[in-house]
Amino acid sequence: LPRDVASSEPFQFSVLAYADIAQPAVVVIRRNGVEIASRQADLSMGINRLIFRDRIAEGGLHQYTAHLQPAGTGPVAADPVPQNNQAAAVVRVKSGPRLLLVTHDGSAGNLGRAMESGSIPFDAISPNQSPMTLDALEGYRAVILENVSANSLGRVRMERLRQFVEDLGGGLWMTGGRQSFGTGGYYKSPLDDILPVALHSVEETRRTRSAIVVVLDRSGSMTAPVGGGKTKMDLANLGTAECVQMLSPEDMVSVIAVDSTPHVVQAMTPAANPAAIGSRVLQIQSMGGGIFVYSGLVAAGRQLLAAEDYKTRHVILFSDAADSEEPGDYKNLLERFSNAGITVSVIGLGSETDADAEFLKDIAKRGNGNIEFTNDPLDLPRLFTQDTMSMTRNMFLTSTSEQRPQGFAGRILPDVQLLGEIDARQLPAVDGFNLTFLKPDATLGIVSLDDNQAPMSAFWYRGLGRVAAVTVEMDGDYSGQLATWDDYESFVITHARWLLGDGPLDNVYVSLRQDGLDAVVEVELEPDRPNEQRGITPDLVIVPPGNERTEIIRPEFIWTGPNTLEGRFRLGQQGTWRTLVKMGDRQFAQGPVLSLPYSPEYMPREGLPGGHETLEAMAEISQGNERINLLELYDDVPRLTYNLRSLVPWLCLTALLLLMVEIAGRRWSWWERLAAWRAGRVRETATVEHGETTKPRRARAARKRKKEQVPLEPEATTPPSTTA
């Protein structure tokens, strides 16, 4: 395939098919997984070239695959190595800088009309209309999330968006609304770290005293591994620990693990020491059996009796949507909960089509709480914190809830000029905005004029990309006077053009070629490049293939000339490998993309002997034989070229000598004397260690003889006393 083509430009590409023998075959071409061509070909022995043509209007990377299917019958059609009957390559379609606008229903709305007035090309889609793979995002310079919830995107899409920003230099703009920021479930999500605003603050005072009970399913299904050495139970425990971390010391918390009976892991207690509570929660293990939901809810109600004076009393039930047993009289129980002001939310591991999904939905409905299903256990920590935030925090401020009939206005700060020219000095009043907190390294563009002094517009650089956050709803029920603002279009265009950036470097040429299991990257720099770039050694960034965010590789560059460099990296897995050359902090050039359809060991050995012939030649050169049957391995063993001497006589002689030494030792008491000598040495060593003075050997012998002499007369003795 050509490296890159312009949008709607016709181009041709070729498929090289290698055949050991002449035979008919069918070649099927697919673009991005969709078949676009099929051709019958009579392959001759050796290399065959088939020419195809195509034209693509959409920008970005497009994956092509060619599948070779032998069409003959009998032995001719047999292929001993079918693994290499496919090939893959990519082409980059250049269409200029473009934005991707993601809205809840896929409509462009006022944001789209504003960008059209500024001649900014964009595409508007809903969250489910695009997988947001790196290939799909390749055609866009930035992505706008307009009041889109994290649940509608899913963890995998958010992981890809984060890598699109940090590793590939893309832009991201998130706008406000009830489905965005903290209320939209982005706290503890993959996008949380790259946003310029924090979605939670321990010092936040806009909360009510809460009592939370977390009921965890610890049945046998929770032992299933999810990768990284963790199980479903581990991630549920982690989500509970994150939930506890969000609570203030004035809040109360209890944790109950349920299988066939409830087990109180943490009785109702103030959340003053979240680390200690979290440590106990992280030790919960699955004990088998099923989960008895009704018993868990009853145990939760008993725990909440200790917090009757708390305004918010809430239960988070985590359960397997395919294995939630013992419903019991849950309807009557939840009615009593509702009368007492207790709410119940459900996090179901599974999908809405599972056997017990309707039962869990009914619990959440009767409990006046939230219901969320997920098939991704790695998303559990985020769902736990999302429900806790929605039930205990008011993170979306409205003019009605705050008794502010005039709405919320914002003051435009001088630093907003870093985005571009904005002539206005004040943002008009809106009917609602998301309460967030500025991160330390972010730049504040607009600050609210209420008591919160919260960011309404903030931005920063993240990795190679750019991220902006506007916490007001740009197009919706809470836009207020913003919808009719004279500078609305200028405000949108300024943010959009800042996201587009300056574009990749155009004075760097990157080439890529495969060398077995390695890939070689060659970089040529312009000889007359700016002086500020002459002292900089470029960085080579490799993005490996993967459905989720992958760890980038940074091979070392080697200067092969005054303006040329070379880097090498190992192709460790099949898929699409992306290259990027970074100059300085945020300047980069996109390199070619290499697709590895199968392991290089399956490559045809053109002009070289086959594997069987090679092994036969090795055996012949080394004067060996061909051994096909392992059982015949020791048949006809070749004669050795050196003499062997038996060790049996020497071993027998050694055994006889040891036997005679043993008999002599017993006959002349050698072993007893040796033991007595060793005991004396031990006593002497102990005497020295206790500080007694040692004397010459002759003095010790004389003292010993003196003690052994028998006295001539007995010494006078004193009779023993008889006094009791």
# chains A, B, ... in the order shown; residues from 1 in each chain; ligands from 1
>>> residues_around(residues="range 262-273 of chain A", least_positions_apart="5", cutoff="10 Å", atoms="only C-alpha atoms", output="number ranges by chain")
A: 210-218, 244-257, 278, 280-281, 283-284, 291-300, 302-307
>>> select_by_dssp(residues="range 493-602 of chain A", states="strand (DSSP E)", output="ChimeraX atom specification")
/A:508-515,518-525,539-543,558-559,564-570,575-583,587-596
>>> residues_around(residues="range 56-64 of chain A", least_positions_apart="4", cutoff="6 Å", atoms="only C-alpha atoms", output="ChimeraX atom specification")
/A:7-8,30-32,88-95,135,138-139
>>> atom_distance(atom1="CA of Leu464 in chain A", atom2="CA of Gln163 in chain A")
9.9 Å
>>> residues_around(residues="Asp387 in chain A", least_positions_apart="3", cutoff="10 Å", atoms="only C-alpha atoms", output="JSON, numbers by chain")
{"A": [183, 185, 243, 316, 345, 346, 347, 369, 370, 371, 372, 382, 383, 384, 390, 391, 392, 393]}
>>> write_last_selection(atoms="N, CA, C and O atoms", output="tab-separated table (two decimals), in the first residue's frame")
chain	number	residue	atom	x	y	z
A	183	THR	N	-20.61	14.25	38.10
A	183	THR	CA	-21.95	13.66	38.05
A	183	THR	C	-22.12	12.69	36.90
A	183	THR	O	-23.02	11.85	36.93
A	185	GLY	N	-19.85	10.45	36.10
A	185	GLY	CA	-19.12	9.22	36.36
A	185	GLY	C	-17.67	9.23	35.92
A	185	GLY	O	-17.07	8.15	35.79
A	243	CYS	N	-14.57	3.96	47.66
A	243	CYS	CA	-15.79	4.56	48.19
A	243	CYS	C	-15.57	5.09	49.60
A	243	CYS	O	-16.01	6.19	49.94
A	316	ILE	N	-25.26	0.34	49.01
A	316	ILE	CA	-24.73	-0.03	47.69
A	316	ILE	C	-24.66	-1.55	47.65
A	316	ILE	O	-23.90	-2.17	48.39
A	345	SER	N	-28.87	1.43	45.92
A	345	SER	CA	-28.38	1.37	44.55
A	345	SER	C	-27.79	0.00	44.29
A	345	SER	O	-27.35	-0.69	45.22
A	346	VAL	N	-27.78	-0.40	43.02
A	346	VAL	CA	-27.30	-1.72	42.65
A	346	VAL	C	-26.24	-1.58	41.56
A	346	VAL	O	-26.42	-0.85	40.59
A	347	ILE	N	-25.13	-2.30	41.74
A	347	ILE	CA	-24.10	-2.45	40.71
A	347	ILE	C	-24.09	-3.92	40.33
A	347	ILE	O	-23.72	-4.78	41.13
A	369	GLY	N	-32.73	4.26	44.08
A	369	GLY	CA	-31.30	4.43	43.85
A	369	GLY	C	-30.94	4.27	42.38
A	369	GLY	O	-31.80	4.32	41.49
A	370	ASN	N	-29.68	4.08	42.12
A	370	ASN	CA	-29.16	3.94	40.77
A	370	ASN	C	-28.97	2.46	40.44
A	370	ASN	O	-28.83	1.62	41.33
A	371	ILE	N	-28.94	2.15	39.16
A	371	ILE	CA	-28.68	0.81	38.68
A	371	ILE	C	-27.67	0.89	37.56
A	371	ILE	O	-27.84	1.66	36.62
A	372	GLU	N	-26.57	0.13	37.67
A	372	GLU	CA	-25.55	0.08	36.63
A	372	GLU	C	-25.13	-1.36	36.42
A	372	GLU	O	-24.92	-2.10	37.39
A	382	ARG	N	-14.65	2.55	39.47
A	382	ARG	CA	-15.28	3.80	39.04
A	382	ARG	C	-16.77	3.81	39.35
A	382	ARG	O	-17.32	4.83	39.78
A	383	LEU	N	-17.45	2.68	39.15
A	383	LEU	CA	-18.89	2.64	39.40
A	383	LEU	C	-19.20	2.81	40.88
A	383	LEU	O	-20.20	3.44	41.24
A	384	PHE	N	-18.37	2.26	41.75
A	384	PHE	CA	-18.59	2.44	43.18
A	384	PHE	C	-18.47	3.92	43.57
A	384	PHE	O	-19.31	4.46	44.29
A	390	SER	N	-22.84	10.51	43.55
A	390	SER	CA	-24.18	10.95	43.17
A	390	SER	C	-25.13	10.99	44.36
A	390	SER	O	-26.06	11.80	44.38
A	391	MET	N	-24.92	10.13	45.36
A	391	MET	CA	-25.84	10.07	46.49
A	391	MET	C	-25.42	10.94	47.66
A	391	MET	O	-26.24	11.27	48.51
A	392	THR	N	-24.14	11.32	47.71
A	392	THR	CA	-23.66	12.08	48.87
A	392	THR	C	-23.16	13.47	48.51
A	392	THR	O	-22.84	14.25	49.41
A	393	ARG	N	-23.03	13.80	47.23
A	393	ARG	CA	-22.48	15.10	46.83
A	393	ARG	C	-23.43	15.78	45.86
A	393	ARG	O	-24.10	15.13	45.06
>>> residues_around(residues="Ile342 in chain A", least_positions_apart="5", cutoff="10 Å", atoms="only C-alpha atoms", output="PyMOL selection string")
chain A and resi 211-212+301+304+308+311-315+334-337+367-369
>>> closest_residue(among="A:Ser44, A:Thr494, A:Thr537, A:Thr550", to="Glu159 in chain A", atoms="only C-alpha atoms")
A:Thr550
>>> residues_around(residues="Phe11 in chain A", least_positions_apart="2", cutoff="8 Å", atoms="only C-alpha atoms", output="PyMOL selection string")
chain A and resi 2+5+9+13+53-55
>>> write_last_selection(atoms="C-alpha atoms", output="PDB file, in the first residue's frame")
ATOM      1  CA  PRO A   2       1.162   3.584  -0.441  1.00  0.00           C
ATOM      2  CA  VAL A   5      -2.854   9.382   0.038  1.00  0.00           C
ATOM      3  CA  GLU A   9      -7.531  10.240  -4.309  1.00  0.00           C
ATOM      4  CA  PHE A  13      -2.036  -1.448  -4.384  1.00  0.00           C
ATOM      5  CA  ARG A  53      -7.551  -0.160  -6.894  1.00  0.00           C
ATOM      6  CA  ASP A  54      -9.449   1.829  -4.286  1.00  0.00           C
ATOM      7  CA  ARG A  55     -10.406   5.349  -3.181  1.00  0.00           C
TER       8      ARG A  55
END
>>> closest_residue(among="A:Gly535, A:Gly290, A:Gly350, A:Gly177", to="Asp431 in chain A", atoms="only C-alpha atoms")
A:Gly177
>>> closest_residue(among="A:Val447, A:Val430, A:Leu380, A:Leu653", to="Thr400 in chain A", atoms="only C-alpha atoms")
A:Val430
